[in-house]
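Engineer: Submitted below is the structure of interest, expressed as structure tokens.
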Amino acid sequence: MDGFDQLPDSLILLIFNSVSDVKSLIRCRSVSKRFNSLVPQTDSILLKIDRVISSESDSDSLFLTLLKSFFNFILPKPTQSPLPNRTHTYPAQILSRFQRIRELHVELPAGDLQLEKGTVVKWRAEFGETLKTCVIFGFRLGHDGNYETEFAGGLKRRVMWTISALMAASVRHFLLREVVREHKGMEELVITDREGEGEVVMEEQGLREWREARESHVRVEEEEEERGRTVVPSVRMRMRHEPRLGATLVVARAVKDGTHNGREADVEDADLAVRAFGNGVYGDAVRELLKARSYLLEMNSF
């Protein structure tokens, strides 16, 4: 008798959950009839995407969708869309083989932002029906110490990469809509990229909000299909910059989720920023930025 035949199904599923990688799990299905029946019950999944494939073309990238969204942003109602509208279906097609997904981590092939040389931007966004919060951390390599002058001259540029980060997050949120709709038992969705640029997070409550909103607002989905991304709601952003580090921290919250001023806002900013970057290589820089003076910016929905 094979050793695996003596193991209970629950233990084998625990092993499959530890493997998590979709490609490896699909290969496991060919091992035996038992494995073939158990693999679809795996509830912790990691999907690494080499490229994003659409239903109309196998050569589209996530960047094309982001670029289309940017054109729609600067030209709200063009007579002809600069890029054809695509519906991305590849993740949903692959994950349809799994029946009980609770935790899903999707890794995209690359980041989305196209920045000037020497600029590094990292971000983490939490979503429900739409954007809830987004923390953005950026700095320039080779900083010469004269940051006050540089910041004054580059404020518009920094606002633009903040907008770009929000748009990139909304494109990723839109990308997995079919997966969220089909896997109603899912409790957590995380979308990252191999370059470590950005992270979209949807927890159980946010996933439930999304499903309920789409069931009652069909028109919203039609608007999102046209844009190629989720609408970014009106947000209030608290921006901090530290001259010694040459770095900037932005904490954005949807207005409808409520924002506070003074000490309460500082505490909330610290909680979100540390949750996003506190345990990584940028943790010390983020903690220093939280001590700096903050500036409040507001942005309408787009």
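Going by the structure tokens order, chains are called A, B, ..., each with residues numbered from 1, while ligands are numbered from 1 in the order shown.
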Counting only C-alpha atoms, which residues in region 164-265 of chain A sit no more than 9 Å from region 93-98 of chain A? For each one, give the nearest pair of atoms and the distance in Å, sorted by chain then residue number, as JSON lines.

Structural biologist:
```
{"residue": "A:Val179", "atom": "CA", "partner": "A:Leu95", "partner_atom": "CA", "distance": 7.4}
{"residue": "A:Glu182", "atom": "CA", "partner": "A:Ser96", "partner_atom": "CA", "distance": 8.1}
{"residue": "A:His183", "atom": "CA", "partner": "A:Ser96", "partner_atom": "CA", "distance": 8.5}
```

Engineer: Pick out the residues sitting within 8 Å of region 238-241 of chain A, and hand them over as a list in words; count only C-alpha atoms, and ignore anything fewer than 4 positions along from it in its own chain.

Structural biologist: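 Answer for this query is Gly246, Ala247, Thr248, Leu249, Val250, Val251, Ala252, Leu289, Leu290, Ala292, Arg293, Ser294, Tyr295, Leu296 and Leu297 of chain A.
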
Engineer: Which residues are close to Val120 (chain A), i.e. within 9 Å by only C-alpha atoms, leaving aside same-chain residues fewer than 3 positions away? Reply as a list of chain:residue names.

Structural biologist: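 Listed by chain and then number, they are A:Leu115, A:Glu116, A:Lys117, A:Phe137, A:Gly138, A:Phe139, A:Arg140, A:Leu141, A:Glu197.
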
Engineer: Select from region 115-247 of chain A everything DSSP, run on the backbone, classes as strand (DSSP E or B), then give the selection as a PDB file with N, CA and C atoms, in the first residue's frame.

Structural biologist:
```
ATOM      1  N   THR A 119      13.032  57.173  -9.256  1.00  0.00           N
ATOM      2  CA  THR A 119      11.889  57.296  -8.344  1.00  0.00           C
ATOM      3  C   THR A 119      11.382  55.911  -7.944  1.00  0.00           C
ATOM      4  N   VAL A 120      11.168  55.709  -6.672  1.00  0.00           N
ATOM      5  CA  VAL A 120      10.643  54.444  -6.154  1.00  0.00           C
ATOM      6  C   VAL A 120       9.332  54.739  -5.430  1.00  0.00           C
ATOM      7  N   VAL A 121       8.267  54.053  -5.803  1.00  0.00           N
ATOM      8  CA  VAL A 121       6.957  54.233  -5.175  1.00  0.00           C
ATOM      9  C   VAL A 121       6.406  52.863  -4.788  1.00  0.00           C
ATOM     10  N   LYS A 122       5.980  52.740  -3.531  1.00  0.00           N
ATOM     11  CA  LYS A 122       5.347  51.529  -3.025  1.00  0.00           C
ATOM     12  C   LYS A 122       3.973  51.908  -2.480  1.00  0.00           C
ATOM     13  N   TRP A 123       3.008  51.003  -2.597  1.00  0.00           N
ATOM     14  CA  TRP A 123       1.673  51.333  -2.104  1.00  0.00           C
ATOM     15  C   TRP A 123       0.937  50.068  -1.635  1.00  0.00           C
ATOM     16  N   ARG A 124      -0.030  50.295  -0.743  1.00  0.00           N
ATOM     17  CA  ARG A 124      -0.915  49.221  -0.268  1.00  0.00           C
ATOM     18  C   ARG A 124      -2.322  49.781  -0.151  1.00  0.00           C
ATOM     19  N   ALA A 125      -3.282  49.132  -0.800  1.00  0.00           N
ATOM     20  CA  ALA A 125      -4.659  49.624  -0.831  1.00  0.00           C
ATOM     21  C   ALA A 125      -5.620  48.571  -0.296  1.00  0.00           C
ATOM     22  N   GLU A 126      -6.581  49.008   0.502  1.00  0.00           N
ATOM     23  CA  GLU A 126      -7.632  48.129   1.008  1.00  0.00           C
ATOM     24  C   GLU A 126      -8.949  48.512   0.332  1.00  0.00           C
ATOM     25  N   PHE A 127      -9.663  47.493  -0.127  1.00  0.00           N
ATOM     26  CA  PHE A 127     -10.896  47.708  -0.873  1.00  0.00           C
ATOM     27  C   PHE A 127     -12.068  46.984  -0.233  1.00  0.00           C
ATOM     28  N   LEU A 131     -12.495  51.706  -3.181  1.00  0.00           N
ATOM     29  CA  LEU A 131     -11.324  51.965  -2.351  1.00  0.00           C
ATOM     30  C   LEU A 131     -11.727  52.424  -0.957  1.00  0.00           C
ATOM     31  N   LYS A 132     -11.085  51.858   0.061  1.00  0.00           N
ATOM     32  CA  LYS A 132     -11.272  52.300   1.440  1.00  0.00           C
ATOM     33  C   LYS A 132     -10.084  53.146   1.891  1.00  0.00           C
ATOM     34  N   THR A 133      -8.895  52.570   1.799  1.00  0.00           N
ATOM     35  CA  THR A 133      -7.686  53.284   2.199  1.00  0.00           C
ATOM     36  C   THR A 133      -6.554  52.933   1.249  1.00  0.00           C
ATOM     37  N   CYS A 134      -5.589  53.815   1.162  1.00  0.00           N
ATOM     38  CA  CYS A 134      -4.390  53.545   0.370  1.00  0.00           C
ATOM     39  C   CYS A 134      -3.218  54.270   1.016  1.00  0.00           C
ATOM     40  N   VAL A 135      -2.144  53.546   1.280  1.00  0.00           N
ATOM     41  CA  VAL A 135      -0.920  54.126   1.835  1.00  0.00           C
ATOM     42  C   VAL A 135       0.144  54.082   0.746  1.00  0.00           C
ATOM     43  N   ILE A 136       0.763  55.235   0.484  1.00  0.00           N
ATOM     44  CA  ILE A 136       1.752  55.350  -0.594  1.00  0.00           C
ATOM     45  C   ILE A 136       3.048  55.901  -0.016  1.00  0.00           C
ATOM     46  N   PHE A 137       4.142  55.227  -0.291  1.00  0.00           N
ATOM     47  CA  PHE A 137       5.460  55.639   0.189  1.00  0.00           C
ATOM     48  C   PHE A 137       6.377  55.796  -1.022  1.00  0.00           C
ATOM     49  N   GLY A 138       7.010  56.960  -1.153  1.00  0.00           N
ATOM     50  CA  GLY A 138       7.877  57.189  -2.304  1.00  0.00           C
ATOM     51  C   GLY A 138       9.132  57.952  -1.938  1.00  0.00           C
ATOM     52  N   PHE A 139      10.173  57.728  -2.702  1.00  0.00           N
ATOM     53  CA  PHE A 139      11.421  58.473  -2.509  1.00  0.00           C
ATOM     54  C   PHE A 139      12.205  58.458  -3.813  1.00  0.00           C
ATOM     55  N   ARG A 140      13.201  59.345  -3.875  1.00  0.00           N
ATOM     56  CA  ARG A 140      14.053  59.426  -5.057  1.00  0.00           C
ATOM     57  C   ARG A 140      15.452  58.950  -4.693  1.00  0.00           C
ATOM     58  N   GLU A 188     -10.498  36.159   1.950  1.00  0.00           N
ATOM     59  CA  GLU A 188      -9.397  37.117   1.792  1.00  0.00           C
ATOM     60  C   GLU A 188      -8.838  37.037   0.380  1.00  0.00           C
ATOM     61  N   LEU A 189      -8.624  38.205  -0.215  1.00  0.00           N
ATOM     62  CA  LEU A 189      -8.019  38.308  -1.539  1.00  0.00           C
ATOM     63  C   LEU A 189      -6.864  39.299  -1.464  1.00  0.00           C
ATOM     64  N   VAL A 190      -5.688  38.874  -1.911  1.00  0.00           N
ATOM     65  CA  VAL A 190      -4.508  39.738  -1.942  1.00  0.00           C
ATOM     66  C   VAL A 190      -3.934  39.697  -3.348  1.00  0.00           C
ATOM     67  N   ILE A 191      -3.679  40.873  -3.921  1.00  0.00           N
ATOM     68  CA  ILE A 191      -3.100  40.969  -5.260  1.00  0.00           C
ATOM     69  C   ILE A 191      -1.794  41.739  -5.154  1.00  0.00           C
ATOM     70  N   THR A 192      -0.687  41.080  -5.489  1.00  0.00           N
ATOM     71  CA  THR A 192       0.627  41.710  -5.440  1.00  0.00           C
ATOM     72  C   THR A 192       1.287  41.603  -6.813  1.00  0.00           C
ATOM     73  N   ASP A 193       2.550  42.010  -6.898  1.00  0.00           N
ATOM     74  CA  ASP A 193       3.319  41.846  -8.129  1.00  0.00           C
ATOM     75  C   ASP A 193       4.739  41.433  -7.771  1.00  0.00           C
ATOM     76  N   GLY A 198       3.097  47.182  -5.472  1.00  0.00           N
ATOM     77  CA  GLY A 198       1.826  47.482  -4.822  1.00  0.00           C
ATOM     78  C   GLY A 198       1.084  46.247  -4.366  1.00  0.00           C
ATOM     79  N   GLU A 199       0.119  46.478  -3.473  1.00  0.00           N
ATOM     80  CA  GLU A 199      -0.666  45.374  -2.918  1.00  0.00           C
ATOM     81  C   GLU A 199      -2.107  45.825  -2.731  1.00  0.00           C
ATOM     82  N   VAL A 200      -3.030  45.042  -3.272  1.00  0.00           N
ATOM     83  CA  VAL A 200      -4.459  45.256  -3.066  1.00  0.00           C
ATOM     84  C   VAL A 200      -4.955  44.178  -2.106  1.00  0.00           C
ATOM     85  N   VAL A 201      -5.719  44.587  -1.089  1.00  0.00           N
ATOM     86  CA  VAL A 201      -6.222  43.654  -0.088  1.00  0.00           C
ATOM     87  C   VAL A 201      -7.737  43.803   0.022  1.00  0.00           C
ATOM     88  N   MET A 202      -8.428  42.675  -0.014  1.00  0.00           N
ATOM     89  CA  MET A 202      -9.858  42.634   0.270  1.00  0.00           C
ATOM     90  C   MET A 202     -10.082  41.579   1.334  1.00  0.00           C
ATOM     91  N   GLU A 203     -10.621  41.986   2.474  1.00  0.00           N
ATOM     92  CA  GLU A 203     -10.922  41.036   3.537  1.00  0.00           C
ATOM     93  C   GLU A 203     -12.390  40.624   3.458  1.00  0.00           C
ATOM     94  N   VAL A 235     -11.491  61.170  -2.059  1.00  0.00           N
ATOM     95  CA  VAL A 235     -10.577  60.805  -0.984  1.00  0.00           C
ATOM     96  C   VAL A 235      -9.981  62.050  -0.339  1.00  0.00           C
ATOM     97  N   ARG A 236      -9.611  61.895   0.935  1.00  0.00           N
ATOM     98  CA  ARG A 236      -8.815  62.893   1.649  1.00  0.00           C
ATOM     99  C   ARG A 236      -7.456  62.283   1.925  1.00  0.00           C
ATOM    100  N   MET A 237      -6.423  63.029   1.587  1.00  0.00           N
ATOM    101  CA  MET A 237      -5.065  62.507   1.688  1.00  0.00           C
ATOM    102  C   MET A 237      -4.243  63.375   2.623  1.00  0.00           C
ATOM    103  N   ARG A 238      -3.543  62.731   3.527  1.00  0.00           N
ATOM    104  CA  ARG A 238      -2.604  63.422   4.402  1.00  0.00           C
ATOM    105  C   ARG A 238      -1.202  63.092   3.916  1.00  0.00           C
ATOM    106  N   MET A 239      -0.487  64.134   3.444  1.00  0.00           N
ATOM    107  CA  MET A 239       0.843  63.966   2.873  1.00  0.00           C
ATOM    108  C   MET A 239       1.897  64.469   3.849  1.00  0.00           C
ATOM    109  N   ARG A 240       2.933  63.668   4.047  1.00  0.00           N
ATOM    110  CA  ARG A 240       4.065  64.041   4.894  1.00  0.00           C
ATOM    111  C   ARG A 240       5.351  63.891   4.095  1.00  0.00           C
ATOM    112  N   HIS A 241       6.296  64.796   4.316  1.00  0.00           N
ATOM    113  CA  HIS A 241       7.589  64.660   3.665  1.00  0.00           C
ATOM    114  C   HIS A 241       8.700  64.995   4.658  1.00  0.00           C
ATOM    115  N   GLU A 242       9.803  64.292   4.529  1.00  0.00           N
ATOM    116  CA  GLU A 242      10.920  64.431   5.441  1.00  0.00           C
ATOM    117  C   GLU A 242      12.166  64.839   4.656  1.00  0.00           C
ATOM    118  N   ALA A 247      11.947  61.650   1.302  1.00  0.00           N
ATOM    119  CA  ALA A 247      10.869  60.681   1.113  1.00  0.00           C
ATOM    120  C   ALA A 247       9.516  61.309   1.423  1.00  0.00           C
TER     121      ALA A 247
END
```

Engineer: Taking 4 positions as the minimum chain separation for residues in the same chain, which residues sit within 7 Å of region 161-172 of chain A when counting only C-alpha atoms? Answer as JSON, numbers by chain.

Structural biologist: {"A": [66, 112, 113, 123, 125, 157, 176, 200, 228, 229, 230, 231, 232]}

Engineer: Would you mind writing down, as a ChimeraX atom specification, each residue of region 134-211 of chain A that DSSP on the backbone assigns to helix (DSSP H, G or I)?

Structural biologist: /A:147-175,177-182,204-211

Engineer: Kindly save the residues from that selection, with N, CA and C atoms included, as a compact mmCIF listing (two decimals), in the first residue's frame.

Structural biologist:
```
# COMPACT_ATOMS: atom_id res chain seq x y z
N TYR A 147 16.08 68.92 -0.23
CA TYR A 147 14.75 68.37 -0.51
C TYR A 147 13.66 69.43 -0.54
N GLU A 148 13.77 70.49 0.27
CA GLU A 148 12.70 71.50 0.31
C GLU A 148 12.52 72.14 -1.05
N THR A 149 13.63 72.49 -1.70
CA THR A 149 13.54 73.10 -3.02
C THR A 149 13.01 72.09 -4.03
N GLU A 150 13.52 70.87 -3.95
CA GLU A 150 13.10 69.83 -4.88
C GLU A 150 11.62 69.51 -4.72
N PHE A 151 11.15 69.48 -3.47
CA PHE A 151 9.74 69.14 -3.23
C PHE A 151 8.83 70.23 -3.77
N ALA A 152 9.20 71.50 -3.53
CA ALA A 152 8.37 72.61 -4.00
C ALA A 152 8.23 72.56 -5.52
N GLY A 153 9.33 72.21 -6.21
CA GLY A 153 9.27 72.16 -7.67
C GLY A 153 8.62 70.90 -8.19
N GLY A 154 8.55 69.86 -7.37
CA GLY A 154 8.03 68.58 -7.86
C GLY A 154 6.73 68.16 -7.24
N LEU A 155 6.01 69.08 -6.57
CA LEU A 155 4.77 68.71 -5.91
C LEU A 155 3.75 68.16 -6.90
N LYS A 156 3.63 68.80 -8.05
CA LYS A 156 2.67 68.31 -9.05
C LYS A 156 3.02 66.90 -9.50
N ARG A 157 4.31 66.67 -9.66
CA ARG A 157 4.73 65.34 -10.07
C ARG A 157 4.37 64.30 -9.01
N ARG A 158 4.52 64.65 -7.74
CA ARG A 158 4.19 63.73 -6.67
C ARG A 158 2.69 63.49 -6.58
N VAL A 159 1.91 64.51 -6.83
CA VAL A 159 0.46 64.31 -6.87
C VAL A 159 0.11 63.36 -8.01
N MET A 160 0.81 63.47 -9.13
CA MET A 160 0.52 62.60 -10.27
C MET A 160 0.88 61.15 -9.97
N TRP A 161 2.02 60.90 -9.27
CA TRP A 161 2.30 59.49 -8.97
C TRP A 161 1.38 58.97 -7.88
N THR A 162 0.83 59.87 -7.07
CA THR A 162 -0.20 59.44 -6.11
C THR A 162 -1.46 59.01 -6.85
N ILE A 163 -1.86 59.82 -7.83
CA ILE A 163 -3.03 59.47 -8.65
C ILE A 163 -2.77 58.16 -9.40
N SER A 164 -1.55 58.01 -9.91
CA SER A 164 -1.21 56.79 -10.65
C SER A 164 -1.31 55.56 -9.76
N ALA A 165 -0.88 55.68 -8.51
CA ALA A 165 -0.97 54.55 -7.58
C ALA A 165 -2.43 54.20 -7.30
N LEU A 166 -3.27 55.22 -7.12
CA LEU A 166 -4.70 54.97 -6.89
C LEU A 166 -5.35 54.29 -8.09
N MET A 167 -4.96 54.72 -9.29
CA MET A 167 -5.51 54.11 -10.50
C MET A 167 -5.02 52.68 -10.68
N ALA A 168 -3.74 52.45 -10.38
CA ALA A 168 -3.21 51.09 -10.49
C ALA A 168 -3.95 50.16 -9.54
N ALA A 169 -4.22 50.64 -8.34
CA ALA A 169 -4.97 49.83 -7.37
C ALA A 169 -6.37 49.54 -7.88
N SER A 170 -7.02 50.53 -8.48
CA SER A 170 -8.40 50.33 -8.96
C SER A 170 -8.44 49.38 -10.14
N VAL A 171 -7.39 49.36 -10.97
CA VAL A 171 -7.33 48.41 -12.08
C VAL A 171 -7.21 46.98 -11.55
N ARG A 172 -6.36 46.79 -10.55
CA ARG A 172 -6.20 45.44 -9.97
C ARG A 172 -7.50 44.97 -9.32
N HIS A 173 -8.16 45.88 -8.64
CA HIS A 173 -9.44 45.53 -8.00
C HIS A 173 -10.45 45.09 -9.04
N PHE A 174 -10.47 45.77 -10.18
CA PHE A 174 -11.38 45.44 -11.27
C PHE A 174 -11.03 44.10 -11.93
N LEU A 175 -9.74 43.81 -12.00
CA LEU A 175 -9.25 42.63 -12.70
C LEU A 175 -9.83 41.33 -12.14
N ARG A 177 -12.72 40.82 -10.53
CA ARG A 177 -14.15 40.91 -10.21
C ARG A 177 -14.87 39.59 -10.44
N GLU A 178 -14.55 38.88 -11.54
CA GLU A 178 -15.22 37.62 -11.82
C GLU A 178 -14.87 36.57 -10.77
N VAL A 179 -13.63 36.59 -10.29
CA VAL A 179 -13.22 35.64 -9.26
C VAL A 179 -14.00 35.88 -7.98
N VAL A 180 -14.14 37.15 -7.59
CA VAL A 180 -14.88 37.50 -6.38
C VAL A 180 -16.34 37.09 -6.50
N ARG A 181 -16.90 37.27 -7.67
CA ARG A 181 -18.31 36.94 -7.88
C ARG A 181 -18.54 35.42 -7.81
N GLU A 182 -17.64 34.66 -8.39
CA GLU A 182 -17.86 33.21 -8.49
C GLU A 182 -17.52 32.45 -7.21
N GLU A 204 -12.80 39.77 4.36
CA GLU A 204 -14.13 39.16 4.26
C GLU A 204 -15.25 40.19 4.16
N GLN A 205 -15.21 41.22 5.00
CA GLN A 205 -16.26 42.23 4.97
C GLN A 205 -16.26 42.99 3.65
N GLY A 206 -15.07 43.34 3.16
CA GLY A 206 -14.96 44.04 1.89
C GLY A 206 -15.46 43.21 0.73
N LEU A 207 -15.17 41.92 0.73
CA LEU A 207 -15.66 41.03 -0.32
C LEU A 207 -17.18 40.95 -0.31
N ARG A 208 -17.75 40.91 0.89
CA ARG A 208 -19.21 40.86 1.03
C ARG A 208 -19.82 42.17 0.53
N GLU A 209 -19.22 43.30 0.86
CA GLU A 209 -19.72 44.60 0.39
C GLU A 209 -19.72 44.66 -1.13
N TRP A 210 -18.65 44.16 -1.74
CA TRP A 210 -18.55 44.20 -3.20
C TRP A 210 -19.68 43.39 -3.84
N ARG A 211 -19.91 42.18 -3.35
CA ARG A 211 -20.94 41.33 -3.94
C ARG A 211 -22.33 41.95 -3.79
```

Engineer: Record the distance separating CA of Leu14 (chain A) and CA of Lys33 (chain A), expressed in Å with one decimal.

Structural biologist: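 Atom-to-atom, CA of Leu14 (chain A) to CA of Lys33 (chain A), that is 17.9 Å.
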
Engineer: Out of A:Ser301, A:Lys184, A:Arg214, A:Arg287, which residue has the shortest atom-to-atom distance to Val267 (chain A) when counting only C-alpha atoms?

Structural biologist: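 Smallest separation from Val267 (chain A) among the options: A:Arg287.
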
Engineer: If you count only C-alpha atoms, which residues fall within 6 Å of Ser234 (chain A), apart from same-chain ones fewer than 5 positions away, as an MDAnalysis selection string?

Structural biologist: chainID A and resid 254:255 299:301

Engineer: Keeping all heavy atoms for every residue in the selection just given, could you write it to a file as a CSV table (one decimal), in the first residue's frame?

Structural biologist:
```
chain,number,residue,atom,x,y,z
A,254,ALA,N,-11.1,57.0,1.7
A,254,ALA,CA,-12.4,57.4,1.1
A,254,ALA,C,-13.1,58.3,2.0
A,254,ALA,O,-13.2,58.0,3.2
A,254,ALA,CB,-13.2,56.2,0.7
A,255,VAL,N,-13.7,59.4,1.5
A,255,VAL,CA,-14.4,60.4,2.4
A,255,VAL,C,-15.6,59.7,3.1
A,255,VAL,O,-15.9,59.9,4.2
A,255,VAL,CB,-14.9,61.5,1.5
A,255,VAL,CG1,-15.8,62.4,2.3
A,255,VAL,CG2,-13.7,62.3,1.0
A,299,MET,N,-9.4,65.1,-3.0
A,299,MET,CA,-9.5,64.8,-4.5
A,299,MET,C,-10.9,64.2,-4.7
A,299,MET,O,-11.4,63.4,-4.0
A,299,MET,CB,-8.4,63.7,-4.8
A,299,MET,CG,-8.4,63.4,-6.3
A,299,MET,SD,-7.1,62.2,-6.7
A,299,MET,CE,-5.7,63.0,-6.1
A,300,ASN,N,-11.5,64.7,-5.8
A,300,ASN,CA,-12.9,64.2,-6.1
A,300,ASN,C,-12.8,62.9,-6.8
A,300,ASN,O,-11.7,62.4,-7.2
A,300,ASN,CB,-13.5,65.2,-7.1
A,300,ASN,CG,-13.9,66.5,-6.5
A,300,ASN,OD1,-14.1,66.6,-5.2
A,300,ASN,ND2,-13.9,67.6,-7.2
A,301,SER,N,-13.9,62.2,-6.8
A,301,SER,CA,-14.0,60.9,-7.4
A,301,SER,C,-13.6,60.9,-8.9
A,301,SER,O,-13.9,61.9,-9.6
A,301,SER,CB,-15.4,60.3,-7.3
A,301,SER,OG,-15.6,59.1,-8.0
```

Engineer: Which residue gives the smallest distance to Ser10 (chain A) among A:Ala265, A:Ala285, A:Leu104, A:Val39, with only C-alpha atoms counted?

Structural biologist: A:Val39

Engineer: Can you tell me, as an MDAnalysis selection string, what residues are no more than 12 Å from Arg34 (chain A) when counting only C-alpha atoms, ignoring any on the same chain fewer than 5 positions away?

Structural biologist: chainID A and resid 4:5 7:9 12:13 28:29 39:41

Engineer: Quick one: write out the picked residues with C-alpha atoms as a short mmCIF file (atom, residue, chain, number, x, y, z; two decimals), in the first residue's frame?

Structural biologist:
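Below you can see out33.cif, which holds the result:
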```cif
data_model
loop_
_atom_site.label_atom_id
_atom_site.label_comp_id
_atom_site.auth_asym_id
_atom_site.auth_seq_id
_atom_site.Cartn_x
_atom_site.Cartn_y
_atom_site.Cartn_z
CA PHE A 4 -0.39 8.36 1.09
CA ASP A 5 -3.27 5.90 1.05
CA LEU A 7 -3.33 9.46 5.33
CA PRO A 8 -6.78 10.99 5.92
CA ASP A 9 -8.17 13.44 3.38
CA ILE A 12 -3.63 15.70 2.48
CA LEU A 13 -5.69 18.89 2.07
CA CYS A 28 -0.83 16.92 -8.47
CA ARG A 29 -4.18 16.08 -10.01
CA VAL A 39 -7.04 19.17 -5.24
CA PRO A 40 -10.22 21.16 -6.19
CA GLN A 41 -11.04 21.30 -2.46
#
```

Engineer: Do you have the CA of Gly3 (chain A)-CA of Arg102 (chain A) distance handy?

Structural biologist: 28.4 Å
